[in-house]
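Colleague: I'm passing along upload-v6.tsv; it holds TSV, C-alpha atoms.
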```tsv
chain	number	residue	atom	x	y	z
A	1	MET	CA	20.64	-7.40	-8.77
A	2	ALA	CA	16.90	-6.93	-8.96
A	3	HIS	CA	14.58	-9.93	-9.52
A	4	ILE	CA	13.62	-8.49	-12.91
A	5	THR	CA	15.76	-6.88	-15.60
A	6	LEU	CA	15.59	-3.10	-15.17
A	7	PRO	CA	16.52	-0.79	-18.06
A	8	ASP	CA	18.94	1.11	-15.83
A	9	GLU	CA	20.49	-0.99	-13.05
A	10	THR	CA	22.34	2.03	-11.65
A	11	LEU	CA	19.07	3.61	-10.39
A	12	PRO	CA	18.46	2.59	-6.75
A	13	GLY	CA	15.31	1.42	-4.97
A	14	ILE	CA	11.99	2.63	-6.29
A	15	VAL	CA	13.68	4.96	-8.80
A	16	GLY	CA	14.70	1.98	-10.96
A	17	LEU	CA	11.15	0.59	-10.75
A	18	PHE	CA	9.61	3.94	-11.76
A	19	ASN	CA	11.87	3.86	-14.80
A	20	PHE	CA	10.79	0.28	-15.62
A	21	ARG	CA	7.03	0.94	-15.45
A	22	PRO	CA	6.04	4.59	-16.16
A	23	GLU	CA	2.32	3.67	-16.15
A	24	THR	CA	2.41	2.77	-12.45
A	25	ALA	CA	5.11	5.34	-11.62
A	26	ALA	CA	2.74	8.26	-12.31
A	27	PRO	CA	0.04	7.38	-9.72
A	28	LEU	CA	2.67	6.14	-7.23
A	29	ARG	CA	4.53	9.45	-7.45
A	30	LEU	CA	1.28	11.40	-7.13
A	31	LEU	CA	0.34	9.33	-4.07
A	32	ALA	CA	3.69	10.08	-2.39
A	33	GLU	CA	3.33	13.78	-3.26
A	34	THR	CA	-0.22	13.96	-1.91
A	35	LEU	CA	0.54	12.03	1.28
A	36	LEU	CA	3.82	13.68	2.17
A	37	ARG	CA	3.60	17.19	0.71
A	38	GLY	CA	-0.12	17.71	0.01
A	39	GLU	CA	-2.72	19.30	2.24
A	40	SER	CA	-2.64	17.85	5.75
A	41	PRO	CA	-2.74	19.16	9.33
A	42	ILE	CA	0.48	17.17	9.93
A	43	ALA	CA	3.71	18.97	8.92
A	44	SER	CA	5.65	17.44	6.01
A	45	SER	CA	8.67	16.87	8.28
A	46	GLU	CA	6.46	14.83	10.63
A	47	ARG	CA	4.89	12.90	7.77
A	48	GLU	CA	8.37	12.01	6.48
A	49	LEU	CA	9.28	10.81	9.98
A	50	ILE	CA	6.22	8.53	9.98
A	51	ALA	CA	7.21	7.20	6.52
A	52	SER	CA	10.81	6.61	7.57
A	53	TYR	CA	9.80	4.97	10.85
A	54	VAL	CA	7.34	2.54	9.23
A	55	SER	CA	9.96	1.72	6.56
A	56	HIS	CA	12.45	0.92	9.33
A	57	LEU	CA	9.89	-1.40	10.96
A	58	ASN	CA	9.47	-3.08	7.56
A	59	ASN	CA	13.26	-3.41	7.34
A	60	CYS	CA	13.35	-1.46	4.06
A	61	HIS	CA	16.72	0.31	4.05
A	62	PHE	CA	16.10	2.36	0.90
A	63	CYS	CA	12.75	3.86	2.02
A	64	HIS	CA	13.84	4.27	5.63
A	65	THR	CA	16.98	6.19	4.73
A	66	SER	CA	15.62	8.24	1.83
A	67	HIS	CA	12.54	9.41	3.78
A	68	GLY	CA	14.75	9.90	6.85
A	69	ALA	CA	16.95	12.15	4.70
A	70	ALA	CA	13.84	14.03	3.49
A	71	ALA	CA	12.75	14.56	7.11
A	72	MET	CA	16.26	15.83	8.00
A	73	ALA	CA	16.12	18.20	5.02
A	74	HIS	CA	12.80	19.63	6.27
A	75	LEU	CA	14.16	19.93	9.82
A	76	ALA	CA	17.58	21.23	8.71
A	77	CYS	CA	19.20	18.47	10.79
A	78	ASP	CA	22.32	16.38	10.25
A	79	LEU	CA	21.86	13.08	8.39
A	80	ASP	CA	23.33	11.23	11.41
A	81	LEU	CA	20.01	11.81	13.15
A	82	ILE	CA	18.37	9.32	10.75
A	83	ASP	CA	19.63	6.61	13.13
A	84	ASP	CA	17.59	8.20	15.93
A	85	ILE	CA	14.43	7.21	14.02
A	86	LYS	CA	15.49	3.57	14.48
A	87	GLU	CA	16.19	4.23	18.15
A	88	GLY	CA	12.63	5.45	18.74
A	89	PHE	CA	13.20	9.24	18.68
A	90	LYS	CA	15.45	9.81	21.70
A	91	THR	CA	17.15	12.90	20.25
A	92	ILE	CA	14.81	14.27	17.56
A	93	SER	CA	12.27	16.58	19.14
A	94	VAL	CA	8.88	14.89	18.78
A	95	SER	CA	5.64	16.28	20.26
A	96	THR	CA	3.58	14.05	22.53
A	97	LYS	CA	0.85	14.11	19.88
A	98	LEU	CA	3.24	12.92	17.16
A	99	ARG	CA	4.45	10.18	19.51
A	100	THR	CA	0.89	8.84	19.78
A	101	LEU	CA	0.55	9.02	15.97
A	102	LEU	CA	3.86	7.16	15.52
A	103	TYR	CA	2.52	4.49	17.86
A	104	ILE	CA	-0.61	4.14	15.70
A	105	ALA	CA	1.65	3.90	12.62
A	106	SER	CA	3.62	1.09	14.27
A	107	LYS	CA	0.34	-0.78	14.83
A	108	VAL	CA	-0.67	-0.33	11.18
A	109	GLN	CA	2.70	-1.79	10.17
A	110	LYS	CA	1.83	-4.99	12.10
A	111	GLY	CA	-1.66	-5.14	10.60
A	112	GLY	CA	-4.77	-2.98	10.43
A	113	LYS	CA	-6.53	-4.82	13.26
A	114	HIS	CA	-3.68	-4.01	15.65
A	115	VAL	CA	-4.91	-0.39	15.84
A	116	LEU	CA	-7.02	-0.37	19.00
A	117	GLU	CA	-9.63	2.13	20.15
A	118	GLU	CA	-7.38	2.98	23.09
A	119	ASP	CA	-4.52	3.86	20.69
A	120	VAL	CA	-6.80	6.29	18.87
A	121	ALA	CA	-8.16	7.64	22.17
A	122	ALA	CA	-4.57	8.31	23.34
A	123	ALA	CA	-3.93	10.34	20.16
A	124	ARG	CA	-7.18	12.27	20.63
A	125	ALA	CA	-6.23	13.03	24.24
A	126	GLU	CA	-3.12	14.76	22.84
A	127	GLY	CA	-5.30	16.77	20.47
A	128	ALA	CA	-5.15	14.64	17.30
A	129	THR	CA	-8.03	15.32	14.89
A	130	ASP	CA	-9.93	12.90	12.64
A	131	GLN	CA	-7.82	13.93	9.69
A	132	GLU	CA	-4.54	13.52	11.56
A	133	ILE	CA	-5.56	10.01	12.57
A	134	HIS	CA	-6.68	9.25	9.01
A	135	ASP	CA	-3.54	10.64	7.41
A	136	THR	CA	-1.30	8.72	9.82
A	137	VAL	CA	-3.03	5.41	9.11
A	138	LEU	CA	-2.93	5.98	5.35
A	139	ILE	CA	0.74	7.04	5.29
A	140	ALA	CA	1.68	3.97	7.36
A	141	ALA	CA	-0.41	1.71	5.10
A	142	ALA	CA	1.09	3.28	1.96
A	143	PHE	CA	4.62	2.58	3.19
A	144	CYS	CA	3.65	-1.03	3.80
A	145	MET	CA	3.04	-0.98	0.03
A	146	PHE	CA	6.10	1.03	-1.05
A	147	ASN	CA	8.42	-1.06	1.15
A	148	ARG	CA	7.10	-4.35	-0.23
A	149	TYR	CA	7.38	-3.05	-3.79
A	150	VAL	CA	11.01	-1.98	-3.33
A	151	ASP	CA	12.18	-5.11	-1.49
A	152	GLY	CA	9.83	-7.60	-3.15
A	153	LEU	CA	11.54	-6.92	-6.47
A	154	GLY	CA	15.01	-7.11	-4.92
A	155	THR	CA	16.17	-3.58	-5.81
A	156	TRP	CA	19.55	-2.33	-4.52
A	157	ALA	CA	20.05	0.57	-2.10
A	158	PRO	CA	23.04	2.76	-1.24
A	159	GLU	CA	24.37	1.72	2.17
A	160	GLU	CA	25.55	5.03	3.67
A	161	HIS	CA	23.43	8.02	4.73
A	162	GLU	CA	25.56	10.25	2.54
A	163	GLY	CA	24.22	8.48	-0.57
A	164	TYR	CA	20.75	9.88	0.27
A	165	ARG	CA	21.63	13.53	0.90
A	166	GLU	CA	20.64	14.92	-2.51
A	167	MET	CA	17.69	12.57	-2.79
A	168	GLY	CA	16.33	13.77	0.57
A	169	GLN	CA	16.70	17.42	-0.44
A	170	ARG	CA	14.89	16.74	-3.71
A	171	MET	CA	12.07	14.79	-2.03
A	172	ALA	CA	11.59	17.51	0.60
A	173	PHE	CA	11.76	20.61	-1.59
A	174	LYS	CA	11.04	19.57	-5.19
A	175	GLY	CA	8.65	16.78	-4.38
A	176	TYR	CA	7.69	13.48	-5.92
A	177	VAL	CA	6.03	14.31	-9.22
B	178	MET	CA	-17.40	1.40	14.75
B	179	PRO	CA	-14.88	3.28	12.58
B	180	HIS	CA	-12.19	5.34	14.36
B	181	ILE	CA	-13.46	8.49	12.57
B	182	PRO	CA	-17.02	9.36	11.47
B	183	LEU	CA	-17.72	7.90	8.00
B	184	PRO	CA	-20.98	7.80	6.00
B	185	ASP	CA	-23.24	4.85	6.91
B	186	HIS	CA	-24.09	4.03	3.31
B	187	LEU	CA	-20.40	3.54	2.37
B	188	PRO	CA	-18.81	0.68	4.37
B	189	GLY	CA	-15.22	-0.57	4.13
B	190	ILE	CA	-12.92	1.22	1.71
B	191	THR	CA	-15.75	3.04	-0.05
B	192	GLY	CA	-16.31	5.51	2.82
B	193	LEU	CA	-12.57	6.21	3.18
B	194	LEU	CA	-12.19	7.00	-0.51
B	195	GLU	CA	-15.01	9.55	-0.21
B	196	TYR	CA	-13.73	10.95	3.11
B	197	SER	CA	-10.36	11.83	1.56
B	198	LYS	CA	-10.85	12.33	-2.18
B	199	HIS	CA	-7.47	13.94	-2.82
B	200	THR	CA	-5.58	10.89	-1.53
B	201	ALA	CA	-8.14	8.54	-3.13
B	202	LEU	CA	-7.41	9.80	-6.64
B	203	PRO	CA	-3.89	8.31	-7.12
B	204	ILE	CA	-4.94	5.12	-5.27
B	205	ARG	CA	-7.90	4.73	-7.65
B	206	GLN	CA	-5.72	5.47	-10.71
B	207	LEU	CA	-3.11	2.93	-9.64
B	208	THR	CA	-5.73	0.26	-8.97
B	209	GLN	CA	-7.58	0.88	-12.22
B	210	PHE	CA	-4.38	0.45	-14.21
B	211	LEU	CA	-3.06	-2.57	-12.28
B	212	LEU	CA	-6.35	-4.51	-12.20
B	213	ARG	CA	-8.06	-3.38	-15.40
B	214	GLY	CA	-5.39	-1.88	-17.66
B	215	ASP	CA	-3.66	-3.63	-20.56
B	216	SER	CA	-1.94	-6.75	-19.26
B	217	THR	CA	-1.13	-10.33	-20.27
B	218	LEU	CA	-2.84	-11.33	-17.01
B	219	SER	CA	-6.63	-11.33	-17.23
B	220	PRO	CA	-8.68	-9.10	-14.88
B	221	GLY	CA	-9.91	-12.30	-13.19
B	222	GLU	CA	-6.34	-13.49	-12.57
B	223	ARG	CA	-5.40	-10.10	-11.15
B	224	GLU	CA	-8.44	-10.15	-8.86
B	225	LEU	CA	-7.17	-13.52	-7.56
B	226	ILE	CA	-3.95	-11.78	-6.45
B	227	ALA	CA	-6.03	-9.12	-4.66
B	228	THR	CA	-8.13	-11.87	-3.06
B	229	ILE	CA	-5.29	-14.07	-1.78
B	230	VAL	CA	-3.44	-11.11	-0.22
B	231	SER	CA	-6.60	-9.73	1.43
B	232	HIS	CA	-7.45	-13.20	2.73
B	233	HIS	CA	-4.05	-13.68	4.36
B	234	ASN	CA	-4.19	-10.16	5.80
B	235	ALA	CA	-7.51	-11.28	7.32
B	236	CYS	CA	-9.31	-8.26	5.87
B	237	ALA	CA	-12.93	-9.41	5.71
B	238	PHE	CA	-14.21	-6.50	3.60
B	239	CYS	CA	-11.52	-6.65	0.89
B	240	THR	CA	-11.53	-10.45	0.78
B	241	ALA	CA	-15.28	-10.62	0.23
B	242	ALA	CA	-15.32	-7.77	-2.30
B	243	HIS	CA	-12.49	-9.14	-4.47
B	244	THR	CA	-13.71	-12.71	-4.16
B	245	ALA	CA	-17.04	-11.49	-5.56
B	246	ALA	CA	-15.31	-9.63	-8.41
B	247	ALA	CA	-13.03	-12.60	-9.22
B	248	ASP	CA	-15.98	-15.05	-9.14
B	249	LEU	CA	-17.87	-12.93	-11.69
B	250	LEU	CA	-14.83	-12.49	-13.94
B	251	LEU	CA	-13.77	-16.16	-13.79
B	252	GLY	CA	-17.34	-17.49	-14.01
B	253	ASP	CA	-17.01	-19.84	-11.04
B	254	VAL	CA	-17.12	-19.68	-7.25
B	255	GLU	CA	-14.58	-22.44	-6.50
B	256	THR	CA	-11.25	-20.99	-7.66
B	257	CYS	CA	-11.12	-18.25	-5.01
B	258	GLU	CA	-11.97	-20.66	-2.20
B	259	ILE	CA	-9.29	-23.12	-3.32
B	260	ILE	CA	-6.46	-20.56	-3.69
B	261	LYS	CA	-7.12	-19.32	-0.16
B	262	HIS	CA	-6.13	-22.74	1.20
B	263	ASP	CA	-4.09	-24.58	-1.42
B	264	ILE	CA	-2.67	-22.73	-4.41
B	265	ASP	CA	-1.42	-25.94	-6.05
B	266	ALA	CA	-4.93	-27.44	-6.07
B	267	ALA	CA	-6.49	-24.48	-7.91
B	268	PRO	CA	-7.71	-24.73	-11.53
B	269	VAL	CA	-5.30	-22.02	-12.74
B	270	SER	CA	-2.20	-22.17	-14.95
B	271	GLU	CA	1.19	-23.20	-13.53
B	272	LYS	CA	2.36	-19.64	-14.21
B	273	MET	CA	-0.53	-18.24	-12.19
B	274	LYS	CA	0.24	-20.63	-9.31
B	275	SER	CA	3.81	-19.34	-9.12
B	276	LEU	CA	2.63	-15.72	-9.27
B	277	LEU	CA	0.14	-16.36	-6.46
B	278	LYS	CA	2.98	-17.84	-4.40
B	279	ILE	CA	5.02	-14.68	-4.95
B	280	ALA	CA	1.98	-12.61	-3.86
B	281	ARG	CA	1.78	-14.72	-0.67
B	282	GLN	CA	5.42	-13.90	0.09
B	283	VAL	CA	4.87	-10.16	-0.58
B	284	GLN	CA	1.97	-10.28	1.89
B	285	VAL	CA	4.43	-11.39	4.59
B	286	SER	CA	7.13	-8.84	3.65
B	287	GLY	CA	9.09	-7.56	0.67
B	288	LYS	CA	12.17	-9.32	2.02
B	289	ALA	CA	10.26	-12.62	2.16
B	290	VAL	CA	10.21	-12.94	-1.64
B	291	THR	CA	12.71	-15.67	-2.56
B	292	THR	CA	14.88	-16.01	-5.65
B	293	LEU	CA	13.49	-19.54	-5.86
B	294	ALA	CA	9.90	-18.27	-6.15
B	295	ILE	CA	10.96	-15.79	-8.85
B	296	GLU	CA	12.86	-18.50	-10.76
B	297	ASP	CA	9.86	-20.80	-10.51
B	298	ALA	CA	7.61	-18.10	-12.01
B	299	LYS	CA	10.07	-17.44	-14.85
B	300	ASN	CA	10.37	-21.19	-15.56
B	301	ASN	CA	6.58	-21.30	-15.82
B	302	GLY	CA	6.65	-18.56	-18.44
B	303	ALA	CA	6.07	-15.43	-16.34
B	304	THR	CA	7.52	-12.26	-17.87
B	305	ASP	CA	9.31	-9.53	-15.93
B	306	LEU	CA	6.25	-7.31	-16.40
B	307	GLU	CA	3.95	-9.99	-14.96
B	308	ILE	CA	6.25	-10.48	-11.97
B	309	HIS	CA	6.45	-6.71	-11.47
B	310	ASP	CA	2.70	-6.24	-11.60
B	311	THR	CA	2.08	-9.21	-9.29
B	312	VAL	CA	4.41	-7.77	-6.65
B	313	LEU	CA	2.86	-4.31	-6.96
B	314	ILE	CA	-0.74	-5.59	-6.82
B	315	ALA	CA	0.12	-7.65	-3.73
B	316	ALA	CA	1.83	-4.62	-2.15
B	317	LEU	CA	-1.13	-2.38	-3.02
B	318	PHE	CA	-3.51	-4.71	-1.21
B	319	CYS	CA	-1.26	-4.57	1.85
B	320	LEU	CA	-2.04	-0.85	1.73
B	321	TYR	CA	-5.80	-1.32	1.23
B	322	ASN	CA	-6.15	-4.00	3.91
B	323	ARG	CA	-4.32	-1.88	6.51
B	324	TYR	CA	-6.26	1.25	5.54
B	325	VAL	CA	-9.63	-0.52	5.81
B	326	ASP	CA	-8.92	-2.35	9.10
B	327	GLY	CA	-6.61	0.30	10.59
B	328	MET	CA	-9.56	2.74	10.47
B	329	ALA	CA	-11.89	0.01	11.82
B	330	THR	CA	-14.37	0.43	8.96
B	331	VAL	CA	-17.54	-1.64	8.86
B	332	ALA	CA	-17.65	-4.90	6.89
B	333	PRO	CA	-21.30	-5.76	6.13
B	334	GLU	CA	-22.26	-9.36	6.91
B	335	ASN	CA	-24.85	-9.67	4.18
B	336	PRO	CA	-23.35	-11.60	1.20
B	337	GLU	CA	-25.72	-9.73	-1.14
B	338	PHE	CA	-23.80	-6.53	-0.42
B	339	TYR	CA	-20.57	-7.99	-1.78
B	340	HIS	CA	-22.28	-9.46	-4.80
B	341	GLY	CA	-23.48	-5.95	-5.66
B	342	LEU	CA	-20.07	-4.43	-4.98
B	343	GLY	CA	-18.31	-7.12	-7.05
B	344	GLN	CA	-20.68	-6.38	-9.92
B	345	ARG	CA	-19.87	-2.67	-9.58
B	346	LEU	CA	-16.13	-3.44	-9.74
B	347	VAL	CA	-16.68	-5.55	-12.86
B	348	ASP	CA	-18.93	-2.97	-14.57
B	349	ASN	CA	-17.22	0.29	-13.55
B	350	GLY	CA	-13.73	-0.63	-12.39
B	351	TYR	CA	-11.98	1.45	-9.76
B	352	ASN	CA	-12.44	5.03	-10.90
B	353	ARG	CA	-14.82	7.20	-8.91
B	354	LEU	CA	-18.32	7.26	-10.37
B	355	PRO	CA	-18.85	10.65	-12.06
B	356	ASP	CA	-21.92	11.42	-9.95
B	357	GLY	CA	-20.56	9.99	-6.70
B	358	TYR	CA	-22.36	7.51	-4.46
B	359	ASP	CA	-25.46	9.31	-3.14
B	360	HIS	CA	-27.62	6.82	-5.06
B	361	LEU	CA	-26.51	4.14	-2.56
B	362	LYS	CA	-28.20	5.92	0.34
B	363	LYS	CA	-31.18	3.93	1.51
```
Turn this file's structure into structure tokens for me.

Modeller:
Amino acid sequence: MAHITLPDETLPGIVGLFNFRPETAAPLRLLAETLLRGESPIASSERELIASYVSHLNNCHFCHTSHGAAAMAHLACDLDLIDDIKEGFKTISVSTKLRTLLYIASKVQKGGKHVLEEDVAAARAEGATDQEIHDTVLIAAAFCMFNRYVDGLGTWAPEEHEGYREMGQRMAFKGYV
Amino acid sequence: MPHIPLPDHLPGITGLLEYSKHTALPIRQLTQFLLRGDSTLSPGERELIATIVSHHNACAFCTAAHTAAADLLLGDVETCEIIKHDIDAAPVSEKMKSLLKIARQVQVSGKAVTTLAIEDAKNNGATDLEIHDTVLIAALFCLYNRYVDGMATVAPENPEFYHGLGQRLVDNGYNRLPDGYDHLKK
């Protein structure tokens, strides 16, 4: 049970919180839409992988699995591959540039100051632009917020991947607003 | 030096919000509502939450900016300094102390928030809405602090800068100024 009384306890993760507080739900939804589906040189599938990876590092099962499912929907891959995100992308095809961006995202998860000039230089050497570096840092930072919001209020999350199939499809193709 | 080129006259978060206006909009809207919208917590109390989280994330720019805003709103310069080191010693309500302790836990991780801390806040009169907003403000500043330091933005050393910025946050809040920020160019 969540730490606060939600009007509909059957709604999982952030969905229940959106329902509790529509005033903050609107900008939070717009932020997710802009970061994950808005204009960016990084493909939506790759941005969802960054979101899912950071959520895994923050130990947030709901965000990790739902954004993993959204990434799989974009990539037309089986939901079982969500586990590969936890394993550090051994099976999912990830470009060397995206690997350097995922590394920057992992540094942001630890703390902003962990991002070193050499980490950014490594991304640039693989062709990353200013905006790709910016968008990666902001997506990673935003999931350090979303994850804390979801777990800090003790929301529940479906355990199995299957429970996220429809959600992932909706997030990928209908969006967040 | 920032990891990407940002305007010299806009240090810290201010340059990032101008660099990427389309992502800045929902962040500004969320912040304006959480810190200045209708709430049973005063704007000064909410700035204390922003301050304590930024302090423990060691984000110099955000800590100084929100300390300056909180000082102006609370009318003293002691409360912020005390909460950074000893929440229980601060001249704030018992309810506020328990909310600040929840914010401290959120700063560590969402999973670090304990049922005990939540119960303590409820026993001190905190409502579900106040607990919700405290967690979300604390989480939001984990975003800001990582954005600001993850891009290696500049934090001015001159205290006068933060006094001016704090005054701007008190007077104008968090929405983008209609005419932008060219007037800040020296």

Colleague: When you count all atoms listed in the file, which of these residues is closest to Val325 of chain B: B:Ile264, B:Cys236, B:Leu187, B:Leu342?

Modeller: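 Of B:Ile264, B:Cys236, B:Leu187, B:Leu342, the one nearest Val325 of chain B, counting all atoms listed in the file, is B:Cys236.
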
Colleague: Enumerate, as number ranges by chain, the protein, DNA and RNA residues whose atoms approach (-1.5, 0.9, -11.1) to within 12 Å, taking into account all atoms listed in the file and the coordinate frame of the file.

Modeller: A: 18, 21-31; B: 202-216, 223, 309-318, 351-352

Colleague: Write out as a ChimeraX atom specification the residues lying within 8 Å of segment 150-158 of chain A, counting all atoms listed in the file and excluding same-chain residues fewer than 3 positions away.

Modeller: /A:1-4,12-14,16-17,60-62,146-147,161,163-164 /B:283,286-290,309,312

Colleague: For the selection just defined, write its residues with C-alpha atoms to a file, as a PDB file, in the frame of the given file.

Modeller:
```
ATOM      1  CA  MET A   1      20.640  -7.400  -8.770  1.00  0.00           C
ATOM      2  CA  ALA A   2      16.900  -6.930  -8.960  1.00  0.00           C
ATOM      3  CA  HIS A   3      14.580  -9.930  -9.520  1.00  0.00           C
ATOM      4  CA  ILE A   4      13.620  -8.490 -12.910  1.00  0.00           C
ATOM      5  CA  PRO A  12      18.460   2.590  -6.750  1.00  0.00           C
ATOM      6  CA  GLY A  13      15.310   1.420  -4.970  1.00  0.00           C
ATOM      7  CA  ILE A  14      11.990   2.630  -6.290  1.00  0.00           C
ATOM      8  CA  GLY A  16      14.700   1.980 -10.960  1.00  0.00           C
ATOM      9  CA  LEU A  17      11.150   0.590 -10.750  1.00  0.00           C
ATOM     10  CA  CYS A  60      13.350  -1.460   4.060  1.00  0.00           C
ATOM     11  CA  HIS A  61      16.720   0.310   4.050  1.00  0.00           C
ATOM     12  CA  PHE A  62      16.100   2.360   0.900  1.00  0.00           C
ATOM     13  CA  PHE A 146       6.100   1.030  -1.050  1.00  0.00           C
ATOM     14  CA  ASN A 147       8.420  -1.060   1.150  1.00  0.00           C
ATOM     15  CA  HIS A 161      23.430   8.020   4.730  1.00  0.00           C
ATOM     16  CA  GLY A 163      24.220   8.480  -0.570  1.00  0.00           C
ATOM     17  CA  TYR A 164      20.750   9.880   0.270  1.00  0.00           C
TER      18      TYR A 164
ATOM     19  CA  VAL B 283       4.870 -10.160  -0.580  1.00  0.00           C
ATOM     20  CA  SER B 286       7.130  -8.840   3.650  1.00  0.00           C
ATOM     21  CA  GLY B 287       9.090  -7.560   0.670  1.00  0.00           C
ATOM     22  CA  LYS B 288      12.170  -9.320   2.020  1.00  0.00           C
ATOM     23  CA  ALA B 289      10.260 -12.620   2.160  1.00  0.00           C
ATOM     24  CA  VAL B 290      10.210 -12.940  -1.640  1.00  0.00           C
ATOM     25  CA  HIS B 309       6.450  -6.710 -11.470  1.00  0.00           C
ATOM     26  CA  VAL B 312       4.410  -7.770  -6.650  1.00  0.00           C
TER      27      VAL B 312
END
```

Colleague: Would you compute the distance between atom CA of Thr330 of chain B and atom CA of Asp185 of chain B? Give it in Å to one decimal.

Modeller: 10.1 Å

Colleague: Considering only C-alpha atoms, can you say which of B:Ile229, B:Leu354, B:Leu276, B:Ile190 comes closest to Ile260 of chain B?

Modeller: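 Once distances to Ile260 of chain B are computed over only C-alpha atoms, the minimum belongs to B:Ile229.
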
Colleague: Residues within 10 Å of (14.3, 8.6, -4.1), file coordinates, counting all atoms listed in the file: what are they? Give the list as a list in words.

Modeller: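 Selection result: Leu11, Pro12, Gly13, Ile14, Val15, Gly16, Phe62, Cys63, Thr65, Ser66, His67, Ala69, Ala70, Tyr164, Glu166, Met167, Gly168, Gln169, Arg170, Met171, Gly175 and Tyr176 of chain A.
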
Colleague: For Cys144 of chain A, which residue among B:Ala237, B:Ala303, B:Val285, B:Ala201 is the nearest when counting all atoms listed in the file?

Modeller: B:Val285

Colleague: Which residues come within 8 Å of segment 112-120 of chain A, counting all atoms listed in the file, excluding same-chain residues fewer than 6 positions away, as a list in words?

Modeller: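 The neighbour list is Thr100, Tyr103, Ile104 and Ile133 of chain A; His180, Asn322, Arg323, Tyr324, Val325, Asp326, Gly327, Met328 and Ala329 of chain B.
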
Colleague: Around all the atoms of segment 209-223 of chain B listed in the file, with 6 Å of room on each side, what axis-aligned box do you get, giving centre and edge lengths in Å to one decimal, as AutoDock Vina command-line options?

Modeller:
```
--center_x -5.5 --center_y -6.3 --center_z -15.9 --size_x 20.8 --size_y 26.4 --size_z 21.4
```

Colleague: Taking only C-alpha atoms into account, name the residue in A:Ser52, A:Ser93, A:Ser106, A:Thr5 that is nearest to Leu75 of chain A.

Modeller: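 Among the listed residues, A:Ser93 lies closest to Leu75 of chain A.
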
Colleague: Between B:His360, B:Lys261, B:Arg353, B:Lys299, which one has atoms that come closest to chain A, using only C-alpha atoms?

Modeller: B:Lys299

Colleague: Find the distance between atom CA of Gly68 of chain A and atom CA of Ile82 of chain A and write it in Å to one decimal.

Modeller: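 Calculated distance between atom CA of Gly68 of chain A and atom CA of Ile82 of chain A is 5.4 Å.
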
Colleague: Give me the residues near Ser44 of chain A as a list in words, where near means some atom within 9 Å (using only C-alpha atoms) and where sequence neighbours in that chain fewer than 4 positions away do not count.

Modeller: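 The neighbour list is Leu35, Leu36, Arg37, Gly38, Ser40, Glu48, Leu49, Ala71, His74 and Ala172 of chain A.
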
Colleague: Do you know which residues are at most 9 Å from Ile139 of chain A counting all atoms listed in the file, after dropping those on the same chain fewer than 5 positions away, and could you put them as a PyMOL selection string?

Modeller: chain A and resi 32+35-36+47+50-51+54+105+134+144

Colleague: Just to confirm, what's the straight-line distance from atom CA of Ala141 of chain A to atom CA of Val108 of chain A in Å (one decimal)?

Modeller: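 A separation of 6.4 Å between them.
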
Colleague: With all atoms listed in the file as the atoms that count, which of B:Glu337, B:Glu296, B:Asp359, B:Glu258 lies nearest to chain A?

Modeller: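 Among the listed residues, the smallest separation from chain A belongs to B:Glu296.
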
Colleague: For Ala247 of chain B, find every residue with an atom within 7 Å (counting only C-alpha atoms), except residues of its own chain fewer than 4 positions away, and show them as a PyMOL selection string.

Modeller: chain B and resi 221+224-225+243+251
